[in-house]
$ cat upload_9.cif   # mmCIF, C-alpha atoms, pLDDT in the B column; chains and numbers go by the auth columns
data_structure
#
loop_
_atom_site.group_PDB
_atom_site.id
_atom_site.type_symbol
_atom_site.label_atom_id
_atom_site.label_comp_id
_atom_site.label_asym_id
_atom_site.label_seq_id
_atom_site.Cartn_x
_atom_site.Cartn_y
_atom_site.Cartn_z
_atom_site.B_iso_or_equiv
_atom_site.auth_seq_id
_atom_site.auth_asym_id
ATOM 1 C CA MET A 1 0.000 0.000 0.000 56.00 1 A
ATOM 2 C CA LYS A 2 1.320 3.421 -0.985 65.00 2 A
ATOM 3 C CA PRO A 3 1.500 5.876 1.945 68.00 3 A
ATOM 4 C CA ASP A 4 -0.505 9.100 1.662 72.00 4 A
ATOM 5 C CA LEU A 5 2.098 11.860 1.330 73.00 5 A
ATOM 6 C CA SER A 6 -0.316 14.623 0.392 76.00 6 A
ATOM 7 C CA TRP A 7 0.173 16.314 3.783 77.00 7 A
ATOM 8 C CA VAL A 8 3.738 17.181 2.760 77.00 8 A
ATOM 9 C CA LEU A 9 2.537 19.011 -0.326 88.00 9 A
ATOM 10 C CA ASP A 10 -0.501 20.598 1.328 86.00 10 A
ATOM 11 C CA ASP A 11 1.671 22.381 3.885 88.00 11 A
ATOM 12 C CA VAL A 12 4.044 23.747 1.251 93.00 12 A
ATOM 13 C CA LEU A 13 1.080 25.122 -0.667 94.00 13 A
ATOM 14 C CA THR A 14 0.040 27.285 2.294 94.00 14 A
ATOM 15 C CA VAL A 15 2.819 29.722 1.332 96.00 15 A
ATOM 16 C CA SER A 16 1.237 32.680 -0.438 97.00 16 A
ATOM 17 C CA GLY A 17 1.888 32.394 -4.170 97.00 17 A
ATOM 18 C CA ALA A 18 2.477 28.627 -4.206 97.00 18 A
ATOM 19 C CA ARG A 19 0.601 26.930 -7.055 96.00 19 A
ATOM 20 C CA HIS A 20 1.413 23.241 -7.465 95.00 20 A
ATOM 21 C CA ALA A 21 3.646 20.679 -5.812 95.00 21 A
ATOM 22 C CA ILE A 22 4.853 17.220 -6.751 95.00 22 A
ATOM 23 C CA LEU A 23 7.063 14.525 -5.256 93.00 23 A
ATOM 24 C CA VAL A 24 9.186 12.766 -7.850 92.00 24 A
ATOM 25 C CA SER A 25 11.436 9.715 -7.877 89.00 25 A
ATOM 26 C CA ALA A 26 14.951 10.024 -9.305 87.00 26 A
ATOM 27 C CA ASP A 27 13.861 8.042 -12.352 90.00 27 A
ATOM 28 C CA GLY A 28 11.002 10.459 -13.067 91.00 28 A
ATOM 29 C CA LEU A 29 8.014 8.640 -11.603 93.00 29 A
ATOM 30 C CA LEU A 30 5.323 10.695 -9.915 94.00 30 A
ATOM 31 C CA LEU A 31 5.144 9.783 -6.221 91.00 31 A
ATOM 32 C CA GLU A 32 2.542 12.338 -5.124 91.00 32 A
ATOM 33 C CA ARG A 33 0.860 15.455 -6.475 93.00 33 A
ATOM 34 C CA SER A 34 -1.111 18.327 -5.054 92.00 34 A
ATOM 35 C CA SER A 35 -4.825 18.238 -5.792 88.00 35 A
ATOM 36 C CA ASP A 36 -4.721 21.318 -8.021 88.00 36 A
ATOM 37 C CA ILE A 37 -2.662 19.719 -10.808 93.00 37 A
ATOM 38 C CA SER A 38 -3.956 16.982 -13.098 94.00 38 A
ATOM 39 C CA ARG A 39 -2.295 13.586 -13.065 95.00 39 A
ATOM 40 C CA ASP A 40 -1.199 14.006 -16.700 97.00 40 A
ATOM 41 C CA ASP A 41 0.426 17.383 -16.023 96.00 41 A
ATOM 42 C CA ALA A 42 1.996 16.096 -12.816 96.00 42 A
ATOM 43 C CA GLU A 43 3.483 13.057 -14.581 96.00 43 A
ATOM 44 C CA LYS A 44 4.856 15.194 -17.429 97.00 44 A
ATOM 45 C CA ASN A 45 6.444 17.580 -14.939 96.00 45 A
ATOM 46 C CA ALA A 46 7.764 14.729 -12.801 96.00 46 A
ATOM 47 C CA ALA A 47 9.763 13.441 -15.769 95.00 47 A
ATOM 48 C CA ALA A 48 11.087 16.940 -16.448 95.00 48 A
ATOM 49 C CA MET A 49 12.032 17.532 -12.792 95.00 49 A
ATOM 50 C CA SER A 50 13.941 14.269 -12.747 92.00 50 A
ATOM 51 C CA SER A 51 15.983 15.529 -15.669 93.00 51 A
ATOM 52 C CA MET A 52 16.482 18.920 -13.992 94.00 52 A
ATOM 53 C CA GLN A 53 17.817 17.390 -10.778 92.00 53 A
ATOM 54 C CA SER A 54 20.168 15.190 -12.774 91.00 54 A
ATOM 55 C CA LEU A 55 21.463 18.169 -14.715 92.00 55 A
ATOM 56 C CA SER A 56 21.775 20.239 -11.531 91.00 56 A
ATOM 57 C CA ARG A 57 23.803 17.519 -9.830 89.00 57 A
ATOM 58 C CA ALA A 58 26.053 17.174 -12.862 90.00 58 A
ATOM 59 C CA VAL A 59 27.006 20.860 -12.884 90.00 59 A
ATOM 60 C CA ALA A 60 27.311 21.264 -9.089 88.00 60 A
ATOM 61 C CA PRO A 61 31.133 20.982 -9.175 88.00 61 A
ATOM 62 C CA PHE A 62 31.182 24.033 -11.477 87.00 62 A
ATOM 63 C CA VAL A 63 30.056 26.161 -8.505 83.00 63 A
ATOM 64 C CA ALA A 64 32.759 25.327 -5.977 75.00 64 A
ATOM 65 C CA GLY A 65 35.880 24.449 -7.904 78.00 65 A
ATOM 66 C CA GLY A 66 35.062 20.788 -8.344 76.00 66 A
ATOM 67 C CA LYS A 67 33.644 20.254 -4.833 80.00 67 A
ATOM 68 C CA GLY A 68 30.119 21.603 -5.165 78.00 68 A
ATOM 69 C CA VAL A 69 27.156 19.583 -3.934 82.00 69 A
ATOM 70 C CA TRP A 70 23.679 20.285 -5.294 87.00 70 A
ATOM 71 C CA LYS A 71 21.139 21.549 -2.750 87.00 71 A
ATOM 72 C CA GLN A 72 18.364 23.314 -4.635 92.00 72 A
ATOM 73 C CA THR A 73 17.500 24.461 -8.128 94.00 73 A
ATOM 74 C CA LEU A 74 15.524 27.630 -8.687 95.00 74 A
ATOM 75 C CA MET A 75 14.162 28.368 -12.154 96.00 75 A
ATOM 76 C CA GLU A 76 12.520 31.633 -13.199 96.00 76 A
ATOM 77 C CA TYR A 77 9.913 31.913 -15.942 96.00 77 A
ATOM 78 C CA ASP A 78 7.702 34.742 -17.219 96.00 78 A
ATOM 79 C CA GLY A 79 4.857 33.557 -14.985 94.00 79 A
ATOM 80 C CA GLY A 80 6.695 32.430 -11.883 97.00 80 A
ATOM 81 C CA TRP A 81 9.252 30.154 -10.267 98.00 81 A
ATOM 82 C CA ILE A 82 9.984 26.463 -9.869 97.00 82 A
ATOM 83 C CA PHE A 83 11.781 25.303 -6.726 97.00 83 A
ATOM 84 C CA LEU A 84 13.383 21.847 -6.775 97.00 84 A
ATOM 85 C CA ILE A 85 15.042 20.145 -3.782 94.00 85 A
ATOM 86 C CA ALA A 86 16.033 16.665 -2.689 90.00 86 A
ATOM 87 C CA ALA A 87 13.338 15.007 -0.579 87.00 87 A
ATOM 88 C CA GLY A 88 15.228 11.987 0.668 80.00 88 A
ATOM 89 C CA SER A 89 17.145 9.215 -0.943 77.00 89 A
ATOM 90 C CA GLY A 90 16.156 9.126 -4.604 83.00 90 A
ATOM 91 C CA SER A 91 13.223 11.523 -4.386 88.00 91 A
ATOM 92 C CA TYR A 92 12.643 15.218 -5.030 92.00 92 A
ATOM 93 C CA MET A 93 10.065 17.888 -4.323 94.00 93 A
ATOM 94 C CA ALA A 94 9.155 20.469 -6.940 96.00 94 A
ATOM 95 C CA VAL A 95 6.914 23.461 -6.309 97.00 95 A
ATOM 96 C CA SER A 96 5.694 26.044 -8.805 97.00 96 A
ATOM 97 C CA ALA A 97 4.951 29.523 -7.502 98.00 97 A
ATOM 98 C CA ALA A 98 3.923 32.994 -8.630 98.00 98 A
ATOM 99 C CA LEU A 99 6.500 35.698 -9.311 97.00 99 A
ATOM 100 C CA ASP A 100 5.654 37.475 -6.047 97.00 100 A
ATOM 101 C CA VAL A 101 6.167 34.431 -3.788 97.00 101 A
ATOM 102 C CA ASP A 102 8.371 34.979 -0.750 97.00 102 A
ATOM 103 C CA MET A 103 11.306 32.945 -2.048 96.00 103 A
ATOM 104 C CA GLU A 104 13.005 32.584 1.318 96.00 104 A
ATOM 105 C CA LEU A 105 9.821 31.414 3.023 97.00 105 A
ATOM 106 C CA MET A 106 9.129 28.923 0.233 97.00 106 A
ATOM 107 C CA SER A 107 12.629 27.483 0.458 95.00 107 A
ATOM 108 C CA ILE A 108 12.448 27.204 4.241 95.00 108 A
ATOM 109 C CA ARG A 109 8.994 25.594 4.168 94.00 109 A
ATOM 110 C CA MET A 110 10.151 23.043 1.603 94.00 110 A
ATOM 111 C CA GLN A 111 13.207 22.189 3.721 93.00 111 A
ATOM 112 C CA GLN A 112 10.987 21.735 6.795 92.00 112 A
ATOM 113 C CA GLN A 113 8.580 19.456 4.963 89.00 113 A
ATOM 114 C CA VAL A 114 11.368 17.359 3.495 89.00 114 A
ATOM 115 C CA LYS A 115 12.773 16.896 6.992 88.00 115 A
ATOM 116 C CA ALA A 116 9.307 15.945 8.323 82.00 116 A
ATOM 117 C CA LEU A 117 8.888 13.520 5.436 78.00 117 A
ATOM 118 C CA GLY A 118 12.173 11.823 6.306 71.00 118 A
ATOM 119 C CA VAL A 119 11.093 11.389 9.921 64.00 119 A
ATOM 120 C CA ALA A 120 7.646 10.097 8.925 60.00 120 A
ATOM 121 C CA LEU A 121 9.015 7.521 6.474 56.00 121 A
ATOM 122 C CA SER A 122 11.916 6.282 8.582 49.00 122 A
ATOM 123 C CA THR A 123 11.619 2.974 10.367 43.00 123 A
ATOM 124 C CA PRO A 124 13.157 2.746 13.817 51.00 124 A
ATOM 125 C CA GLU A 125 15.755 0.043 14.298 55.00 125 A
ATOM 126 C CA ARG A 126 14.452 -3.005 16.119 51.00 126 A
ATOM 127 C CA GLN A 127 15.788 -3.373 19.632 61.00 127 A
ATOM 128 C CA SER A 128 15.517 -7.142 19.658 58.00 128 A
ATOM 129 C CA ALA A 129 15.048 -9.681 16.907 55.00 129 A
ATOM 130 C CA GLY A 130 14.025 -12.346 19.417 55.00 130 A
ATOM 131 C CA ALA A 131 10.508 -13.359 20.408 54.00 131 A
ATOM 132 C CA GLU A 132 10.644 -12.219 24.001 54.00 132 A
ATOM 133 C CA ALA A 133 7.335 -12.053 25.844 49.00 133 A
#
$ encode --input "upload_9.cif" --output "structure tokens"
Amino acid sequence: MKPDLSWVLDDVLTVSGARHAILVSADGLLLERSSDISRDDAEKNAAAMSSMQSLSRAVAPFVAGGKGVWKQTLMEYDGGWIFLIAAGSGSYMAVSAALDVDMELMSIRMQQQVKALGVALSTPERQSAGAEA
């Protein structure tokens, strides 16, 4: 059964100016989408965001003399912004927003939700493998 991860996206969308949000696997599969974007559009954008994160990682060393590590990609368009960040091992969160979005708040909120997602999906280590009663 697939866990419901919509709460992660719903919270990010409370930032004024946020429009859509998706969770994407590294290979471009849609993991979750906000309710305001169609499945077809979300899947198309998931594939594109997978390519963007791959490209961003590839050019990260260009930033810091060969030692750069990708953290976030921010893309500007005529109608707004796309924020893209890692959301755990092999997954990414992408959010589209209006031009007047508070960019710092959006980035912080995304970081907070990614951290909460990691905690929610982690499995605590078992203390004992035995069948003690």
$ atom_distance --input "upload_9.cif" --atom1 "atom CA of Ala46 of chain A" --atom2 "atom CA of Gln113 of chain A"
18.4 Å
$ atom_distance --input "upload_9.cif" --atom1 "atom CA of Ser25 of chain A" --atom2 "atom CA of Gly90 of chain A"
5.8 Å
$ residues_around --input "upload_9.cif" --residues "Ser6 of chain A" --least-positions-apart "2" --cutoff "12 Å" --atoms "all atoms listed in the file" --output "list in words"
Lys2, Pro3, Asp4, Val8, Leu9, Asp10, Asp11, Val12, Leu13, His20, Ala21, Ile22, Leu23, Leu31, Glu32, Arg33, Ser34, Ser35, Asp36, Met93, Gln113 and Leu117 of chain A
$ resolve_selection --input "upload_9.cif" --expression "the PyMOL selection byres ((chain A and resi 109) around 12)" --output "PyMOL selection string"
chain A and resi 8-16+18+83+85+93+95+102-108+110-116
$ write_last_selection --input "upload_9.cif" --atoms "C-alpha atoms" --output "PDB file, in the frame of the given file"
ATOM      1  CA  VAL A   8       3.738  17.181   2.760  1.00 77.00           C
ATOM      2  CA  LEU A   9       2.537  19.011  -0.326  1.00 88.00           C
ATOM      3  CA  ASP A  10      -0.501  20.598   1.328  1.00 86.00           C
ATOM      4  CA  ASP A  11       1.671  22.381   3.885  1.00 88.00           C
ATOM      5  CA  VAL A  12       4.044  23.747   1.251  1.00 93.00           C
ATOM      6  CA  LEU A  13       1.080  25.122  -0.667  1.00 94.00           C
ATOM      7  CA  THR A  14       0.040  27.285   2.294  1.00 94.00           C
ATOM      8  CA  VAL A  15       2.819  29.722   1.332  1.00 96.00           C
ATOM      9  CA  SER A  16       1.237  32.680  -0.438  1.00 97.00           C
ATOM     10  CA  ALA A  18       2.477  28.627  -4.206  1.00 97.00           C
ATOM     11  CA  PHE A  83      11.781  25.303  -6.726  1.00 97.00           C
ATOM     12  CA  ILE A  85      15.042  20.145  -3.782  1.00 94.00           C
ATOM     13  CA  MET A  93      10.065  17.888  -4.323  1.00 94.00           C
ATOM     14  CA  VAL A  95       6.914  23.461  -6.309  1.00 97.00           C
ATOM     15  CA  ASP A 102       8.371  34.979  -0.750  1.00 97.00           C
ATOM     16  CA  MET A 103      11.306  32.945  -2.048  1.00 96.00           C
ATOM     17  CA  GLU A 104      13.005  32.584   1.318  1.00 96.00           C
ATOM     18  CA  LEU A 105       9.821  31.414   3.023  1.00 97.00           C
ATOM     19  CA  MET A 106       9.129  28.923   0.233  1.00 97.00           C
ATOM     20  CA  SER A 107      12.629  27.483   0.458  1.00 95.00           C
ATOM     21  CA  ILE A 108      12.448  27.204   4.241  1.00 95.00           C
ATOM     22  CA  MET A 110      10.151  23.043   1.603  1.00 94.00           C
ATOM     23  CA  GLN A 111      13.207  22.189   3.721  1.00 93.00           C
ATOM     24  CA  GLN A 112      10.987  21.735   6.795  1.00 92.00           C
ATOM     25  CA  GLN A 113       8.580  19.456   4.963  1.00 89.00           C
ATOM     26  CA  VAL A 114      11.368  17.359   3.495  1.00 89.00           C
ATOM     27  CA  LYS A 115      12.773  16.896   6.992  1.00 88.00           C
ATOM     28  CA  ALA A 116       9.307  15.945   8.323  1.00 82.00           C
TER      29      ALA A 116
END
$ closest_residue --input "upload_9.cif" --among "A:Arg19, A:Asp41, A:Lys67, A:Ala58" --to "Ser96 of chain A" --atoms "only C-alpha atoms"
A:Arg19
$ atom_distance --input "upload_9.cif" --atom1 "atom CA of Ala60 of chain A" --atom2 "atom CA of Asn45 of chain A"
22.0 Å
$ axis_aligned_box --input "upload_9.cif" --around "segment 4-8 of chain A" --padding-each-side "6 Å" --output "AutoDock Vina command-line options"
--center_x 1.6 --center_y 13.1 --center_z 2.1 --size_x 16.2 --size_y 20.1 --size_z 15.4
$ residues_around --input "upload_9.cif" --residues "Leu29 of chain A" --least-positions-apart "6" --cutoff "10 Å" --atoms "all atoms listed in the file" --output "PyMOL selection string"
chain A and resi 23+42-47+49-50+91
$ closest_residue --input "upload_9.cif" --among "A:Gly118, A:Val101, A:Gly68, A:Ala48" --to "Ala86 of chain A" --atoms "only C-alpha atoms"
A:Gly118
$ closest_residue --input "upload_9.cif" --among "A:Ala64, A:Val59, A:Ile82, A:Leu30" --to "Leu5 of chain A" --atoms "all atoms listed in the file"
A:Leu30
$ closest_residue --input "upload_9.cif" --among "A:Gly65, A:Gly80, A:Ala87, A:Ser54" --to "Gly28 of chain A" --atoms "all atoms listed in the file"
A:Ser54
$ closest_residue --input "upload_9.cif" --among "A:Trp81, A:Asp40, A:Tyr92, A:Val69" --to "Gln53 of chain A" --atoms "all atoms listed in the file"
A:Tyr92
$ build_atoms --input "upload_9.cif" --residues "segment 102-113 of chain A" --atoms "all heavy atoms" --output "PDB file, keeping the file's coordinate frame"
ATOM      1  N   ASP A 102       7.244  34.713  -1.643  1.00 97.00           N
ATOM      2  CA  ASP A 102       8.371  34.979  -0.750  1.00 97.00           C
ATOM      3  C   ASP A 102       9.337  33.800  -0.918  1.00 97.00           C
ATOM      4  O   ASP A 102       9.106  32.707  -0.401  1.00 97.00           O
ATOM      5  CB  ASP A 102       7.880  35.083   0.694  1.00 97.00           C
ATOM      6  CG  ASP A 102       8.974  35.386   1.695  1.00 97.00           C
ATOM      7  OD1 ASP A 102      10.144  35.021   1.455  1.00 97.00           O
ATOM      8  OD2 ASP A 102       8.651  35.983   2.744  1.00 97.00           O
ATOM      9  N   MET A 103      10.398  34.031  -1.672  1.00 96.00           N
ATOM     10  CA  MET A 103      11.306  32.945  -2.048  1.00 96.00           C
ATOM     11  C   MET A 103      11.984  32.312  -0.831  1.00 96.00           C
ATOM     12  O   MET A 103      12.162  31.093  -0.786  1.00 96.00           O
ATOM     13  CB  MET A 103      12.333  33.449  -3.049  1.00 96.00           C
ATOM     14  CG  MET A 103      11.677  33.864  -4.359  1.00 96.00           C
ATOM     15  SD  MET A 103      12.785  34.719  -5.461  1.00 96.00           S
ATOM     16  CE  MET A 103      13.932  33.429  -5.856  1.00 96.00           C
ATOM     17  N   GLU A 104      12.353  33.120   0.122  1.00 96.00           N
ATOM     18  CA  GLU A 104      13.005  32.584   1.318  1.00 96.00           C
ATOM     19  C   GLU A 104      12.043  31.714   2.111  1.00 96.00           C
ATOM     20  O   GLU A 104      12.390  30.612   2.533  1.00 96.00           O
ATOM     21  CB  GLU A 104      13.535  33.719   2.189  1.00 96.00           C
ATOM     22  CG  GLU A 104      14.267  33.226   3.416  1.00 96.00           C
ATOM     23  CD  GLU A 104      14.838  34.348   4.263  1.00 96.00           C
ATOM     24  OE1 GLU A 104      14.448  35.524   4.090  1.00 96.00           O
ATOM     25  OE2 GLU A 104      15.677  34.040   5.127  1.00 96.00           O
ATOM     26  N   LEU A 105      10.819  32.194   2.297  1.00 97.00           N
ATOM     27  CA  LEU A 105       9.821  31.414   3.023  1.00 97.00           C
ATOM     28  C   LEU A 105       9.525  30.095   2.313  1.00 97.00           C
ATOM     29  O   LEU A 105       9.417  29.044   2.944  1.00 97.00           O
ATOM     30  CB  LEU A 105       8.537  32.225   3.207  1.00 97.00           C
ATOM     31  CG  LEU A 105       7.397  31.518   3.935  1.00 97.00           C
ATOM     32  CD1 LEU A 105       7.816  31.067   5.327  1.00 97.00           C
ATOM     33  CD2 LEU A 105       6.172  32.434   4.002  1.00 97.00           C
ATOM     34  N   MET A 106       9.399  30.142   0.987  1.00 97.00           N
ATOM     35  CA  MET A 106       9.129  28.923   0.233  1.00 97.00           C
ATOM     36  C   MET A 106      10.262  27.911   0.419  1.00 97.00           C
ATOM     37  O   MET A 106      10.027  26.733   0.670  1.00 97.00           O
ATOM     38  CB  MET A 106       8.933  29.238  -1.252  1.00 97.00           C
ATOM     39  CG  MET A 106       8.702  27.990  -2.111  1.00 97.00           C
ATOM     40  SD  MET A 106       7.289  26.993  -1.596  1.00 97.00           S
ATOM     41  CE  MET A 106       5.979  28.039  -2.170  1.00 97.00           C
ATOM     42  N   SER A 107      11.475  28.372   0.301  1.00 95.00           N
ATOM     43  CA  SER A 107      12.629  27.483   0.458  1.00 95.00           C
ATOM     44  C   SER A 107      12.669  26.875   1.861  1.00 95.00           C
ATOM     45  O   SER A 107      12.881  25.668   2.020  1.00 95.00           O
ATOM     46  CB  SER A 107      13.909  28.258   0.165  1.00 95.00           C
ATOM     47  OG  SER A 107      15.018  27.405   0.218  1.00 95.00           O
ATOM     48  N   ILE A 108      12.441  27.700   2.861  1.00 95.00           N
ATOM     49  CA  ILE A 108      12.448  27.204   4.241  1.00 95.00           C
ATOM     50  C   ILE A 108      11.335  26.190   4.459  1.00 95.00           C
ATOM     51  O   ILE A 108      11.548  25.127   5.053  1.00 95.00           O
ATOM     52  CB  ILE A 108      12.327  28.376   5.238  1.00 95.00           C
ATOM     53  CG1 ILE A 108      13.614  29.200   5.237  1.00 95.00           C
ATOM     54  CG2 ILE A 108      11.994  27.885   6.647  1.00 95.00           C
ATOM     55  CD1 ILE A 108      13.523  30.520   5.969  1.00 95.00           C
ATOM     56  N   ARG A 109      10.127  26.506   3.989  1.00 94.00           N
ATOM     57  CA  ARG A 109       8.994  25.594   4.168  1.00 94.00           C
ATOM     58  C   ARG A 109       9.259  24.254   3.489  1.00 94.00           C
ATOM     59  O   ARG A 109       8.960  23.190   4.023  1.00 94.00           O
ATOM     60  CB  ARG A 109       7.721  26.230   3.606  1.00 94.00           C
ATOM     61  CG  ARG A 109       6.454  25.415   3.792  1.00 94.00           C
ATOM     62  CD  ARG A 109       6.047  25.250   5.262  1.00 94.00           C
ATOM     63  NE  ARG A 109       5.940  26.508   5.937  1.00 94.00           N
ATOM     64  CZ  ARG A 109       4.844  27.284   5.953  1.00 94.00           C
ATOM     65  NH1 ARG A 109       3.757  26.917   5.325  1.00 94.00           N
ATOM     66  NH2 ARG A 109       4.845  28.417   6.614  1.00 94.00           N
ATOM     67  N   MET A 110       9.834  24.294   2.297  1.00 94.00           N
ATOM     68  CA  MET A 110      10.151  23.043   1.603  1.00 94.00           C
ATOM     69  C   MET A 110      11.167  22.232   2.395  1.00 94.00           C
ATOM     70  O   MET A 110      11.013  21.015   2.550  1.00 94.00           O
ATOM     71  CB  MET A 110      10.660  23.333   0.191  1.00 94.00           C
ATOM     72  CG  MET A 110       9.579  23.845  -0.750  1.00 94.00           C
ATOM     73  SD  MET A 110      10.230  24.303  -2.378  1.00 94.00           S
ATOM     74  CE  MET A 110      10.576  22.673  -3.061  1.00 94.00           C
ATOM     75  N   GLN A 111      12.197  22.887   2.924  1.00 93.00           N
ATOM     76  CA  GLN A 111      13.207  22.189   3.721  1.00 93.00           C
ATOM     77  C   GLN A 111      12.569  21.544   4.958  1.00 93.00           C
ATOM     78  O   GLN A 111      12.881  20.401   5.312  1.00 93.00           O
ATOM     79  CB  GLN A 111      14.308  23.162   4.155  1.00 93.00           C
ATOM     80  CG  GLN A 111      15.087  23.772   3.024  1.00 93.00           C
ATOM     81  CD  GLN A 111      16.101  22.836   2.409  1.00 93.00           C
ATOM     82  OE1 GLN A 111      16.466  21.824   2.990  1.00 93.00           O
ATOM     83  NE2 GLN A 111      16.561  23.170   1.222  1.00 93.00           N
ATOM     84  N   GLN A 112      11.666  22.262   5.616  1.00 92.00           N
ATOM     85  CA  GLN A 112      10.987  21.735   6.795  1.00 92.00           C
ATOM     86  C   GLN A 112      10.149  20.511   6.447  1.00 92.00           C
ATOM     87  O   GLN A 112      10.160  19.515   7.172  1.00 92.00           O
ATOM     88  CB  GLN A 112      10.081  22.813   7.417  1.00 92.00           C
ATOM     89  CG  GLN A 112      10.827  23.930   8.072  1.00 92.00           C
ATOM     90  CD  GLN A 112       9.919  25.089   8.466  1.00 92.00           C
ATOM     91  OE1 GLN A 112       8.827  25.280   7.913  1.00 92.00           O
ATOM     92  NE2 GLN A 112      10.368  25.887   9.415  1.00 92.00           N
ATOM     93  N   GLN A 113       9.438  20.571   5.347  1.00 89.00           N
ATOM     94  CA  GLN A 113       8.580  19.456   4.963  1.00 89.00           C
ATOM     95  C   GLN A 113       9.384  18.238   4.538  1.00 89.00           C
ATOM     96  O   GLN A 113       9.000  17.108   4.815  1.00 89.00           O
ATOM     97  CB  GLN A 113       7.598  19.880   3.876  1.00 89.00           C
ATOM     98  CG  GLN A 113       6.502  20.781   4.403  1.00 89.00           C
ATOM     99  CD  GLN A 113       5.813  20.194   5.617  1.00 89.00           C
ATOM    100  OE1 GLN A 113       6.097  20.577   6.743  1.00 89.00           O
ATOM    101  NE2 GLN A 113       4.934  19.258   5.408  1.00 89.00           N
TER     102      GLN A 113
END
